[in-house]
Structures are given as C-alpha cells and as structure tokens.
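In what follows, a single structure is set out as structure tokens and then discussed.
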Amino acid sequence: MPLHRLIPLASLGALTAGLACACLPWSVTAPGLTRFVARELARSYGVTMLTEGPTEVALLPLPRLAFGRVRLSAGGGDGPVLAEGGTLSLQLNLLPLFTGRIDVNTLGLDGATIRLPTGSGDSRWAEPVRLLEARLGADAAAHPRRVSLSRATATGSDPRDGTPQTARDIDLSLSWPLWSAQSDLSGSFRWNAAPARFAVSGLRLADLLGGGASPFALSAAWPAGSLAAEGNGLVRDGGLKLTGRGTFETRSLPETMAWAGGAVALAPFVEAFGLDGSFDMDGRLLLLPNVRVSFGANELEGAGAVAFDRTRPAIQATLAAETLNLAPLLAEALRMLGLDASGEAAPGRGVALAPLTGGDLDLRLSAGAARIGPVVTEDIAASVLVRDGSIEAALNRATLATGTLKGRLALNASAADPAVTEMKAQGAFERLDLTPLLDALRQEPWALGQVQGQFLAEGSGATAGRLLNHLNGHAVLGVDGGTLVGLDLADVAQRHRVPVRRAGRTPFERATLTLRFVDGIGQITEGVLEGPGLSASLRGTVMLPDWRCEALAEVAARSATAGEGRSRPAQFLIGGPLGDLTARVVTREPDPALRGGSNLAPNALRMPASGGDPRLPAAARAYAQ
C-alpha cells in the first residue's frame, strides 16, 4: 500500500484506539487528583472526603472519577460521618476544569451506608444543606444534573423513642435537568423486611431550599397499601408544611402499622381502611378539614386531626354516615372477648388493652342507621375515647324497634398488672317493642309488648373467662301490658302440665325480672308475672362462666270465686345451657293423665337453641362472621 494512503489509515486507527481508551476507566494512583476533588467538595458543600480504595479515571464522553471505599464526613476528617464504605462516582463538566474548578454533572454513590441524624441534637447534615442553599441562591444552575444511590443502606433513629432504624436495598434517583426548574425523585427500599417504592415529581428544589413554596406530586406503595398526594409544600423553621389533597388506602391497617413501626388506637379492629380528602400538614400536626373515611364497606365523612407526638399519635375526628355495617366490628370484638368466628369459646384468650391503645383517639360518630346483621338501629350518636391503657365507648342515643337505647363501656388496664383489664358497663333501654325486634331477628314471635330495663356490670380479669368469673352487677327488665304468644299458662296452672309452645295466648299486666351478679353468679331476686287470671314467679341462679341456668318456676291460677285465693301452684325445674333449657315437673297430680309426664325431652320449652357455643345466638353469630 502506498505510504500516502497508509499514514491516514494508521492515524485513524490510532485516533479510534485513543478514543476507546479514553472512554474506558483506568485505575490510577493519583493522590494529587484525590486531594483536588476533596478540596472542592469541602469548599462547595462542607464535606470532607477520605478514600482508601483505588481511583478510576475515564476521559470521555465527559471526565469521570470513581473513588472506592470512601468516607464522607461533615466538617473535618474527624467530624460526624455522612456516608462510608461505598464507591463515589463523579461525572464532571469539561469547561470548568480548564479554570481549575470542579462542576459535578452526575453524582453516584454505590454500596454505601448513609448515616442519618440520630436525634434532635444531631446536626451533621445541617452545614452541607446550608452550603447547598447558598450555592443555589448564588447560581440556580450550580447543582448536579443527576444524583443516584444504589445498593445503599441508611441508618438512623426513630424520632418517637430513639430506637435504631435501618432501611436496606435503597435505590434512589434524583433528576434535575439544566433546562428545567423542576426535578423528579424516585426510588425503592426495603423496610422491616418488606419492599416499598415511591416517586415525587414536579419539585422546585431551588425554591424549596430557599424557603419558598414548591408544588409536588407524590405516590408510594408498600405490600399492604398505597398513598397518593399532590399540592404545595415549603420548609419553615426547620419543619415541613404541606397543603393539598391525598388518598391513603390499605387492605390491612394492622399490617401497615406493623410495617411502618407504629400503632394507632383500635387498629386490630380494622382491616381494609382508607382516607381521601384535603389536608394541611404543619410540622407534626396533620389537619383533615374535609375527609372521607372508609373501613370495610362503610363510608363516613367529616373532619379530623392527627398529632404525631414523639411517643404516640393522637387522633381527633367527627364523622357521620348515612348507614353503617357494624357486623365485622362485632365479630372482631367477640373474637377478642373469647369467641372465634365459628362461635366456639376460647375463654383463655387474653383481653389486655395494650394492642388496642397504641395511640390516642377522640372520635365523635353519628349515623342515620347502623346494621348488625338483620337488626337495624337508627338515629345514632356515639363517641369513643382511647388513652394509654383505657378505652371508653358511649352510645349517647339510638333508636331500636321504636325504643331508645343508651349505654357506656369503660375498659382500663389494671395499675398492678397491665395484662388485667378492668371493665365497667352500664346501659338502659325503654319502650322497646318486641314484635319488630323478634321479626328482625327472624324468630317466631313469643311475646308482645314494650320492654324497658337497665343493667350495670363490672369485673376484671386477664382473660375472658376470668373476667366472667369476677363479674358483679345487676339487671332489671320489665314489660307492662304484654302477651305471651303460643303459651297458655292458665292451662298449665290448672292441669299442672309442662308449658309447651302451641296455640294459645297469655295476656299479662306486668312482668318483672331482676338479677344480681356476684363473681359471675346471678341470683334471680325477683321474677314475677301478673295476669288477669294467674300469677307466675321465677327464682334461681344464672351461672355466666358455665352459661347455664337453674331455676324454679311456679304458675298459679286465681280462683274465680272471691275469697278462695289462689290454687295450688304448678312447679317446674328449669335448667341447662341457656340456649338449650329443659324443664321437669315438680308438682304431681294423682291422675297420671294430667301430669303430662315428669321427665321432658331436651328443649321441651321450645326455646331457640344456639348451636355450637350457647354464648352467642346462632342468628347473631351468623351475621357477625
């Protein structure tokens, strides 16, 4: 080949080889270069860099430097550590190098451990942030175009209690183009052994770091839920102020709180949960002036506030709903009180309040109607107050079957043993019409009339069984001008037969039942029924721990002739599980044909049996599951 052709080809090959070599990273020993970069980082950002690993250099397409096993600290070399153990990569803009300056275009940190503040007095990041703000204030374009973290670990402490916290597998990317005032941040990490990802777009970092407002759009997702929000934010007095609108959803609130490492009041009672509405956050106070709350199939609207205290959050809310389905909450409450979803007893299950009182709650609730299975209550006003170690729920007003209900439940952790729960409950109802109530429960009507009553109960225990064993209180029921349907007690009194449900009615003027409980054993101190032609009485014992009853009933017919008094009463022993009572005749007549037999088959009174555990009626249990 002629020489005049060989020389250009050789030159082109050499140039190609030179460009290829310039694009490849080369390991070099250049302490002067390391000192030059470290000096510029200290001057521009107040960060001291020490490196123990090799230095890699690539010249094209832009000069690139990579320092292995770096240690970045605030202030001097002995200052608090910002990051250590990874590889720091810098891509430099070319023109500033000719003037002896470093202008970082792209910054990356791979495999490092990031040290976040460990408390309110830890200000290791304060000076680098201040210098960055000053740099942006002097020249808004003086910033890296891209910052990335990969395979990083971040350590810090929980601001509530100071416990160490660690996030792993952090991948983060901040994009801030030269031609745009807005930047985008996205990333993923692993927290408490579960992955999460997030993205923030539309940030004006220069405005935000300079004390101005910046728009934002946030999205985040974790295994049990998601969060989306958009609005405006600014940094004021070291705290973050946000306003906008957002949506929070989780398929399991307890799972989300366990993942986040926090707790809120009554979280174990709630599974699917959501919030949607406007918000205003100032530091550690979150205001929700117009919010829609959903749990299960229920939706409520109102306003609320959340204060993120250092130890426990405090929630205040006033919510209203057209209708509520409370069956899932009832099922969870029954489970915690010793009944599982199938209705089988578990009296040994603990009833400690600690899992339910992880935060403060002050809730005011109203609803047009609330449904528990087939039973519907109307015009409801209620409140729930939760404090550390205590729960107080009040039913201020409700209408059921044309009657009114009121009640209050107070639960407190014992001062001597937090595992022991002290309970006090009281309530009253009046003008409760039995006909629509039994019809709603889909039971055959066995009584007509309006019932009124009241109850008071208190006890303590570490389990549901122990609480029942220590239950004290009383209950009073009364009905004026009612009728027993399907029972002719006059015939029972005259013939001394076992009362069997059949065609017949027993009108009465007044029926009263009074029970007093001591250590879970209730004595029927008064059980009276007075009708136009008969009277009946009931006395005996109700044993709550065993859910059994043993009682003696007497039914006597009044004589038609004045002055003859009452006939000899018919007596019956009634006993067994409360849902499956049996009766046995005590008084016998000479004529066997009138006795009706002295031994009866189970449930001879035809009372509804609960099936499974008698502690919960079958109809109610079916709707509570």
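Residue numbering restarts at 1 in every chain; chains get A, B, ... in the order shown in the structure tokens, and ligands count up from 1 in that same order.
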Every residue of segment 213-355 of chain A that DSSP places in strand (DSSP E), as a compact mmCIF listing (two decimals) with C-alpha atoms, in the first residue's frame:
```txt
# COMPACT_ATOMS: atom_id res chain seq x y z
CA SER A 214 -42.91 24.20 45.64
CA PRO A 215 -45.59 22.06 44.00
CA PHE A 216 -45.30 18.29 44.34
CA ALA A 217 -47.00 15.07 43.31
CA LEU A 218 -46.28 12.05 45.49
CA SER A 219 -47.04 8.36 45.06
CA ALA A 220 -45.93 5.48 47.28
CA ALA A 221 -46.74 1.80 47.57
CA TRP A 222 -45.92 -1.00 50.00
CA GLY A 225 -51.31 -0.31 50.75
CA SER A 226 -50.61 2.85 48.81
CA LEU A 227 -50.50 6.63 49.18
CA ALA A 228 -51.03 9.41 46.63
CA ALA A 229 -50.95 13.17 47.24
CA GLU A 230 -50.47 16.41 45.37
CA GLY A 231 -50.28 20.02 46.45
CA ASN A 232 -47.70 22.57 47.59
CA GLY A 233 -45.03 22.45 50.24
CA LEU A 234 -42.38 24.59 51.89
CA VAL A 235 -39.77 24.33 54.64
CA ARG A 236 -40.43 26.67 57.56
CA GLY A 239 -40.29 21.82 59.63
CA LEU A 240 -42.20 20.84 56.53
CA LYS A 241 -45.53 22.46 55.70
CA LEU A 242 -47.76 20.75 53.12
CA THR A 243 -51.21 21.53 51.75
CA GLY A 244 -53.14 19.63 49.13
CA ARG A 245 -55.29 16.60 48.57
CA GLY A 246 -54.42 12.97 49.09
CA THR A 247 -55.60 9.37 49.20
CA PHE A 248 -54.44 6.64 51.59
CA GLU A 249 -55.56 3.03 51.18
CA THR A 250 -54.60 -0.22 52.89
CA PHE A 273 -59.11 1.19 55.63
CA GLY A 274 -58.93 4.36 53.53
CA LEU A 275 -58.74 8.15 53.70
CA ASP A 276 -59.48 10.62 50.91
CA GLY A 277 -59.67 14.39 51.13
CA SER A 278 -57.84 17.65 51.63
CA PHE A 279 -55.03 18.03 54.13
CA ASP A 280 -52.89 20.70 55.78
CA MET A 281 -49.72 19.47 57.48
CA ASP A 282 -47.56 21.77 59.59
CA LEU A 285 -49.70 18.25 63.03
CA LEU A 286 -51.92 16.96 60.23
CA LEU A 287 -55.29 18.64 59.70
CA LEU A 288 -58.01 16.98 57.62
CA PRO A 289 -60.70 19.64 57.20
CA ASN A 290 -62.73 17.63 54.69
CA VAL A 291 -62.11 13.90 54.64
CA ARG A 292 -63.88 10.72 53.63
CA VAL A 293 -63.08 7.66 55.74
CA SER A 294 -63.76 4.10 54.67
CA PHE A 295 -63.40 0.88 56.61
CA ASN A 298 -68.58 1.69 55.40
CA GLU A 299 -68.04 5.27 54.28
CA LEU A 300 -68.08 8.29 56.58
CA GLU A 301 -67.47 11.99 56.03
CA GLY A 302 -66.29 14.72 58.35
CA ALA A 303 -63.16 16.38 59.67
CA GLY A 304 -60.23 15.34 61.82
CA ALA A 305 -56.70 16.00 63.00
CA VAL A 306 -53.65 13.85 63.77
CA ALA A 307 -50.86 14.98 66.10
CA PHE A 308 -47.69 12.92 65.66
CA PRO A 313 -50.15 9.67 67.73
CA ALA A 314 -53.32 11.46 68.83
CA ILE A 315 -56.37 11.42 66.54
CA GLN A 316 -59.45 13.62 66.80
CA ALA A 317 -62.35 13.22 64.40
CA THR A 318 -66.02 13.99 63.94
CA LEU A 319 -67.60 11.69 61.35
CA ALA A 320 -71.07 11.00 60.04
CA ALA A 321 -72.54 8.30 57.81
CA GLU A 322 -75.91 7.51 56.31
CA THR A 323 -75.59 3.79 57.09
CA LEU A 324 -73.06 1.62 58.90
CA ASN A 325 -72.48 -2.13 58.87
```
Set the distance at 10 Å and use only C-alpha atoms: which residues neighbour segment 504-517 of chain A once local chain neighbours fewer than 4 positions away are removed? I'd like the list as a PDB file with N, CA and C atoms, in the first residue's frame.
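part18.pdb was written with the following content:
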```pdb
ATOM      1  N   TRP A 446     -92.730 -14.786  70.338  1.00  0.00           N
ATOM      2  CA  TRP A 446     -93.187 -15.486  71.536  1.00  0.00           C
ATOM      3  C   TRP A 446     -93.701 -14.520  72.599  1.00  0.00           C
ATOM      4  N   ALA A 447     -93.571 -13.213  72.336  1.00  0.00           N
ATOM      5  CA  ALA A 447     -94.068 -12.226  73.297  1.00  0.00           C
ATOM      6  C   ALA A 447     -94.407 -10.947  72.557  1.00  0.00           C
ATOM      7  N   LEU A 448     -95.411 -10.241  73.084  1.00  0.00           N
ATOM      8  CA  LEU A 448     -95.792  -8.940  72.576  1.00  0.00           C
ATOM      9  C   LEU A 448     -95.707  -7.940  73.717  1.00  0.00           C
ATOM     10  N   GLY A 449     -95.385  -6.695  73.362  1.00  0.00           N
ATOM     11  CA  GLY A 449     -95.331  -5.665  74.390  1.00  0.00           C
ATOM     12  C   GLY A 449     -94.078  -4.828  74.256  1.00  0.00           C
ATOM     13  N   VAL A 451     -90.751  -3.414  76.209  1.00  0.00           N
ATOM     14  CA  VAL A 451     -89.897  -3.768  77.340  1.00  0.00           C
ATOM     15  C   VAL A 451     -88.994  -2.584  77.673  1.00  0.00           C
ATOM     16  N   GLN A 452     -88.694  -2.440  78.928  1.00  0.00           N
ATOM     17  CA  GLN A 452     -87.737  -1.453  79.397  1.00  0.00           C
ATOM     18  C   GLN A 452     -86.832  -2.116  80.425  1.00  0.00           C
ATOM     19  N   GLY A 453     -85.655  -1.564  80.591  1.00  0.00           N
ATOM     20  CA  GLY A 453     -84.729  -2.165  81.536  1.00  0.00           C
ATOM     21  C   GLY A 453     -83.446  -1.380  81.642  1.00  0.00           C
ATOM     22  N   GLN A 454     -82.601  -1.855  82.531  1.00  0.00           N
ATOM     23  CA  GLN A 454     -81.297  -1.257  82.733  1.00  0.00           C
ATOM     24  C   GLN A 454     -80.355  -2.312  83.296  1.00  0.00           C
ATOM     25  N   PHE A 455     -79.057  -2.056  83.144  1.00  0.00           N
ATOM     26  CA  PHE A 455     -78.083  -3.011  83.672  1.00  0.00           C
ATOM     27  C   PHE A 455     -76.819  -2.271  84.085  1.00  0.00           C
ATOM     28  N   LEU A 456     -76.083  -2.888  84.980  1.00  0.00           N
ATOM     29  CA  LEU A 456     -74.784  -2.394  85.430  1.00  0.00           C
ATOM     30  C   LEU A 456     -73.915  -3.610  85.697  1.00  0.00           C
ATOM     31  N   ALA A 457     -72.721  -3.630  85.125  1.00  0.00           N
ATOM     32  CA  ALA A 457     -71.819  -4.764  85.317  1.00  0.00           C
ATOM     33  C   ALA A 457     -70.391  -4.253  85.428  1.00  0.00           C
ATOM     34  N   GLU A 458     -69.615  -4.876  86.288  1.00  0.00           N
ATOM     35  CA  GLU A 458     -68.202  -4.544  86.413  1.00  0.00           C
ATOM     36  C   GLU A 458     -67.435  -5.799  86.814  1.00  0.00           C
ATOM     37  N   HIS A 470     -65.358 -12.933  87.661  1.00  0.00           N
ATOM     38  CA  HIS A 470     -65.302 -11.829  88.618  1.00  0.00           C
ATOM     39  C   HIS A 470     -66.320 -10.746  88.289  1.00  0.00           C
ATOM     40  N   LEU A 471     -67.385 -11.109  87.570  1.00  0.00           N
ATOM     41  CA  LEU A 471     -68.378 -10.126  87.155  1.00  0.00           C
ATOM     42  C   LEU A 471     -69.381  -9.873  88.272  1.00  0.00           C
ATOM     43  N   ASN A 472     -69.593  -8.606  88.585  1.00  0.00           N
ATOM     44  CA  ASN A 472     -70.581  -8.186  89.568  1.00  0.00           C
ATOM     45  C   ASN A 472     -71.509  -7.158  88.921  1.00  0.00           C
ATOM     46  N   GLY A 473     -72.764  -7.111  89.408  1.00  0.00           N
ATOM     47  CA  GLY A 473     -73.686  -6.119  88.880  1.00  0.00           C
ATOM     48  C   GLY A 473     -75.126  -6.546  89.022  1.00  0.00           C
ATOM     49  N   HIS A 474     -75.988  -5.896  88.289  1.00  0.00           N
ATOM     50  CA  HIS A 474     -77.402  -6.222  88.348  1.00  0.00           C
ATOM     51  C   HIS A 474     -78.068  -5.867  87.024  1.00  0.00           C
ATOM     52  N   ALA A 475     -79.225  -6.449  86.776  1.00  0.00           N
ATOM     53  CA  ALA A 475     -80.012  -6.168  85.581  1.00  0.00           C
ATOM     54  C   ALA A 475     -81.490  -6.227  85.946  1.00  0.00           C
ATOM     55  N   VAL A 476     -82.276  -5.325  85.359  1.00  0.00           N
ATOM     56  CA  VAL A 476     -83.711  -5.260  85.617  1.00  0.00           C
ATOM     57  C   VAL A 476     -84.428  -5.149  84.287  1.00  0.00           C
ATOM     58  N   LEU A 477     -85.436  -6.012  84.083  1.00  0.00           N
ATOM     59  CA  LEU A 477     -86.271  -5.980  82.887  1.00  0.00           C
ATOM     60  C   LEU A 477     -87.727  -5.891  83.311  1.00  0.00           C
ATOM     61  N   GLY A 478     -88.516  -5.187  82.535  1.00  0.00           N
ATOM     62  CA  GLY A 478     -89.938  -5.079  82.858  1.00  0.00           C
ATOM     63  C   GLY A 478     -90.767  -4.874  81.607  1.00  0.00           C
ATOM     64  N   VAL A 479     -91.969  -5.451  81.594  1.00  0.00           N
ATOM     65  CA  VAL A 479     -92.904  -5.293  80.485  1.00  0.00           C
ATOM     66  C   VAL A 479     -94.272  -4.992  81.074  1.00  0.00           C
ATOM     67  N   ASP A 480     -94.921  -3.950  80.601  1.00  0.00           N
ATOM     68  CA  ASP A 480     -96.281  -3.615  81.019  1.00  0.00           C
ATOM     69  C   ASP A 480     -97.239  -3.914  79.871  1.00  0.00           C
ATOM     70  N   GLY A 481     -98.358  -4.574  80.220  1.00  0.00           N
ATOM     71  CA  GLY A 481     -99.391  -4.829  79.241  1.00  0.00           C
ATOM     72  C   GLY A 481     -98.932  -5.656  78.066  1.00  0.00           C
ATOM     73  N   GLY A 482     -98.322  -6.815  78.330  1.00  0.00           N
ATOM     74  CA  GLY A 482     -97.816  -7.663  77.270  1.00  0.00           C
ATOM     75  C   GLY A 482     -98.605  -8.951  77.127  1.00  0.00           C
ATOM     76  N   THR A 483     -98.150  -9.773  76.201  1.00  0.00           N
ATOM     77  CA  THR A 483     -98.802 -11.054  75.932  1.00  0.00           C
ATOM     78  C   THR A 483     -97.753 -12.089  75.572  1.00  0.00           C
ATOM     79  N   LEU A 484     -97.866 -13.288  76.173  1.00  0.00           N
ATOM     80  CA  LEU A 484     -97.067 -14.424  75.750  1.00  0.00           C
ATOM     81  C   LEU A 484     -97.811 -15.127  74.622  1.00  0.00           C
ATOM     82  N   VAL A 485     -97.152 -15.318  73.510  1.00  0.00           N
ATOM     83  CA  VAL A 485     -97.775 -15.914  72.323  1.00  0.00           C
ATOM     84  C   VAL A 485     -97.382 -17.383  72.240  1.00  0.00           C
ATOM     85  N   GLY A 486     -98.413 -18.262  72.061  1.00  0.00           N
ATOM     86  CA  GLY A 486     -98.144 -19.688  71.933  1.00  0.00           C
ATOM     87  C   GLY A 486     -98.099 -20.419  73.253  1.00  0.00           C
ATOM     88  N   LEU A 487     -98.309 -19.734  74.366  1.00  0.00           N
ATOM     89  CA  LEU A 487     -98.306 -20.359  75.686  1.00  0.00           C
ATOM     90  C   LEU A 487     -99.592 -19.976  76.414  1.00  0.00           C
ATOM     91  N   ASP A 488    -100.287 -20.984  76.939  1.00  0.00           N
ATOM     92  CA  ASP A 488    -101.478 -20.752  77.760  1.00  0.00           C
ATOM     93  C   ASP A 488    -101.128 -21.159  79.182  1.00  0.00           C
ATOM     94  N   LEU A 489    -100.591 -20.196  79.956  1.00  0.00           N
ATOM     95  CA  LEU A 489    -100.160 -20.521  81.312  1.00  0.00           C
ATOM     96  C   LEU A 489    -101.335 -20.823  82.228  1.00  0.00           C
ATOM     97  N   ALA A 490    -102.515 -20.328  81.888  1.00  0.00           N
ATOM     98  CA  ALA A 490    -103.683 -20.682  82.700  1.00  0.00           C
ATOM     99  C   ALA A 490    -103.946 -22.180  82.621  1.00  0.00           C
ATOM    100  N   ASP A 491    -103.826 -22.745  81.437  1.00  0.00           N
ATOM    101  CA  ASP A 491    -103.996 -24.192  81.282  1.00  0.00           C
ATOM    102  C   ASP A 491    -102.893 -24.944  82.008  1.00  0.00           C
ATOM    103  N   ILE A 521     -71.965 -15.179  89.226  1.00  0.00           N
ATOM    104  CA  ILE A 521     -73.161 -15.964  89.560  1.00  0.00           C
ATOM    105  C   ILE A 521     -74.307 -14.990  89.798  1.00  0.00           C
ATOM    106  N   GLY A 522     -75.365 -15.139  89.004  1.00  0.00           N
ATOM    107  CA  GLY A 522     -76.503 -14.251  89.125  1.00  0.00           C
ATOM    108  C   GLY A 522     -77.664 -14.903  89.838  1.00  0.00           C
ATOM    109  N   GLN A 523     -78.211 -14.200  90.805  1.00  0.00           N
ATOM    110  CA  GLN A 523     -79.389 -14.667  91.527  1.00  0.00           C
ATOM    111  C   GLN A 523     -80.619 -13.921  91.013  1.00  0.00           C
ATOM    112  N   ILE A 524     -81.651 -14.684  90.656  1.00  0.00           N
ATOM    113  CA  ILE A 524     -82.913 -14.077  90.257  1.00  0.00           C
ATOM    114  C   ILE A 524     -83.640 -13.680  91.532  1.00  0.00           C
ATOM    115  N   THR A 525     -83.477 -12.417  91.890  1.00  0.00           N
ATOM    116  CA  THR A 525     -84.066 -11.947  93.137  1.00  0.00           C
ATOM    117  C   THR A 525     -85.543 -11.633  92.995  1.00  0.00           C
ATOM    118  N   GLU A 526     -85.996 -11.367  91.785  1.00  0.00           N
ATOM    119  CA  GLU A 526     -87.408 -11.108  91.552  1.00  0.00           C
ATOM    120  C   GLU A 526     -87.755 -11.530  90.131  1.00  0.00           C
ATOM    121  N   GLY A 527     -88.706 -12.412  90.014  1.00  0.00           N
ATOM    122  CA  GLY A 527     -89.220 -12.808  88.720  1.00  0.00           C
ATOM    123  C   GLY A 527     -90.724 -12.993  88.859  1.00  0.00           C
ATOM    124  N   VAL A 528     -91.481 -12.042  88.392  1.00  0.00           N
ATOM    125  CA  VAL A 528     -92.926 -12.018  88.642  1.00  0.00           C
ATOM    126  C   VAL A 528     -93.660 -11.737  87.346  1.00  0.00           C
ATOM    127  N   LEU A 529     -94.760 -12.456  87.129  1.00  0.00           N
ATOM    128  CA  LEU A 529     -95.683 -12.185  86.030  1.00  0.00           C
ATOM    129  C   LEU A 529     -97.087 -12.185  86.602  1.00  0.00           C
ATOM    130  N   GLU A 530     -97.809 -11.106  86.406  1.00  0.00           N
ATOM    131  CA  GLU A 530     -99.168 -10.970  86.915  1.00  0.00           C
ATOM    132  C   GLU A 530    -100.133 -10.788  85.742  1.00  0.00           C
ATOM    133  N   GLY A 531    -101.089 -11.730  85.648  1.00  0.00           N
ATOM    134  CA  GLY A 531    -102.088 -11.638  84.604  1.00  0.00           C
ATOM    135  C   GLY A 531    -103.487 -11.568  85.183  1.00  0.00           C
ATOM    136  N   PRO A 532    -104.506 -11.409  84.340  1.00  0.00           N
ATOM    137  CA  PRO A 532    -105.893 -11.299  84.837  1.00  0.00           C
ATOM    138  C   PRO A 532    -106.347 -12.541  85.605  1.00  0.00           C
ATOM    139  N   GLY A 533    -105.882 -13.736  85.192  1.00  0.00           N
ATOM    140  CA  GLY A 533    -106.355 -14.939  85.865  1.00  0.00           C
ATOM    141  C   GLY A 533    -105.262 -15.802  86.423  1.00  0.00           C
ATOM    142  N   LEU A 534    -104.047 -15.310  86.514  1.00  0.00           N
ATOM    143  CA  LEU A 534    -102.950 -16.149  87.012  1.00  0.00           C
ATOM    144  C   LEU A 534    -101.816 -15.274  87.468  1.00  0.00           C
ATOM    145  N   SER A 535    -100.889 -15.910  88.135  1.00  0.00           N
ATOM    146  CA  SER A 535     -99.626 -15.273  88.516  1.00  0.00           C
ATOM    147  C   SER A 535     -98.522 -16.311  88.372  1.00  0.00           C
ATOM    148  N   ALA A 536     -97.332 -15.846  88.111  1.00  0.00           N
ATOM    149  CA  ALA A 536     -96.184 -16.741  87.966  1.00  0.00           C
ATOM    150  C   ALA A 536     -94.976 -16.082  88.601  1.00  0.00           C
ATOM    151  N   SER A 537     -94.092 -16.930  89.093  1.00  0.00           N
ATOM    152  CA  SER A 537     -92.863 -16.423  89.700  1.00  0.00           C
ATOM    153  C   SER A 537     -91.703 -17.295  89.252  1.00  0.00           C
ATOM    154  N   LEU A 538     -90.511 -16.701  89.313  1.00  0.00           N
ATOM    155  CA  LEU A 538     -89.294 -17.400  88.904  1.00  0.00           C
ATOM    156  C   LEU A 538     -88.184 -17.001  89.847  1.00  0.00           C
ATOM    157  N   ARG A 539     -87.489 -17.993  90.349  1.00  0.00           N
ATOM    158  CA  ARG A 539     -86.315 -17.722  91.171  1.00  0.00           C
ATOM    159  C   ARG A 539     -85.277 -18.794  90.873  1.00  0.00           C
ATOM    160  N   GLY A 540     -84.017 -18.392  91.008  1.00  0.00           N
ATOM    161  CA  GLY A 540     -82.972 -19.354  90.694  1.00  0.00           C
ATOM    162  C   GLY A 540     -81.641 -18.665  90.466  1.00  0.00           C
ATOM    163  N   THR A 541     -80.771 -19.342  89.697  1.00  0.00           N
ATOM    164  CA  THR A 541     -79.390 -18.908  89.521  1.00  0.00           C
ATOM    165  C   THR A 541     -79.005 -18.965  88.048  1.00  0.00           C
ATOM    166  N   VAL A 542     -78.277 -17.948  87.617  1.00  0.00           N
ATOM    167  CA  VAL A 542     -77.685 -17.916  86.276  1.00  0.00           C
ATOM    168  C   VAL A 542     -76.178 -17.897  86.454  1.00  0.00           C
ATOM    169  N   MET A 543     -75.493 -18.902  85.899  1.00  0.00           N
ATOM    170  CA  MET A 543     -74.043 -19.038  86.058  1.00  0.00           C
ATOM    171  C   MET A 543     -73.359 -18.640  84.751  1.00  0.00           C
ATOM    172  N   LEU A 544     -72.813 -17.417  84.706  1.00  0.00           N
ATOM    173  CA  LEU A 544     -72.210 -16.918  83.480  1.00  0.00           C
ATOM    174  C   LEU A 544     -70.967 -17.688  83.054  1.00  0.00           C
TER     175      LEU A 544
END
```
From the options A:Ala415, A:Leu266, A:Leu330, A:Leu149, which residue's atoms come nearest to Val386 of chain A, counting only C-alpha atoms?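 Once distances to Val386 of chain A are computed over only C-alpha atoms, the minimum belongs to A:Leu266.
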So, with only C-alpha atoms as the atoms that count, which of A:Ile102, A:Leu82, A:Val57, A:Leu434 lies closest to Arg43 of chain A?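 Looking only at the distances to Arg43 of chain A, the closest residue turns out to be A:Ile102.
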Given only C-alpha atoms as the counted atoms, nearest of A:Leu326, A:Glu378, A:Gly283, A:Arg135 to Gly296 of chain A: A:Leu326
Taking a cut-off of 12 Å and counting only C-alpha atoms, can you build a table that, for each residue of segment 241-343 of chain A near segment 349-359 of chain A, reports the nearest atom pair and how far apart they are in Å (one decimal), sorted by chain then residue number, as CSV?
```
residue,atom,partner,partner_atom,distance
A:Pro254,CA,A:Pro355,CA,10.0
A:Met257,CA,A:Gly358,CA,10.3
A:Ala258,CA,A:Pro355,CA,11.4
A:Gly261,CA,A:Gly358,CA,11.2
A:Gly262,CA,A:Gly358,CA,8.0
A:Ala263,CA,A:Gly358,CA,4.9
A:Val264,CA,A:Gly359,CA,4.6
A:Ala265,CA,A:Gly359,CA,4.7
A:Leu266,CA,A:Leu356,CA,4.5
A:Ala267,CA,A:Leu356,CA,6.5
A:Pro268,CA,A:Leu356,CA,6.6
A:Phe269,CA,A:Leu356,CA,8.2
A:Val270,CA,A:Leu356,CA,10.7
A:Val306,CA,A:Gly359,CA,10.4
A:Ala307,CA,A:Gly359,CA,10.2
A:Phe308,CA,A:Gly359,CA,9.7
A:Asp309,CA,A:Gly359,CA,9.5
A:Arg310,CA,A:Gly359,CA,11.2
A:Thr311,CA,A:Gly359,CA,8.6
A:Arg312,CA,A:Gly359,CA,5.0
A:Pro313,CA,A:Gly359,CA,5.1
A:Ala314,CA,A:Gly359,CA,5.9
A:Ile315,CA,A:Gly359,CA,7.8
A:Gln316,CA,A:Gly359,CA,11.0
A:Ala333,CA,A:Val351,CA,10.3
A:Leu334,CA,A:Val351,CA,10.9
A:Arg335,CA,A:Arg349,CA,8.8
A:Met336,CA,A:Val351,CA,6.5
A:Leu337,CA,A:Val351,CA,6.5
A:Gly338,CA,A:Arg349,CA,5.8
A:Leu339,CA,A:Arg349,CA,8.9
A:Asp340,CA,A:Arg349,CA,10.1
```
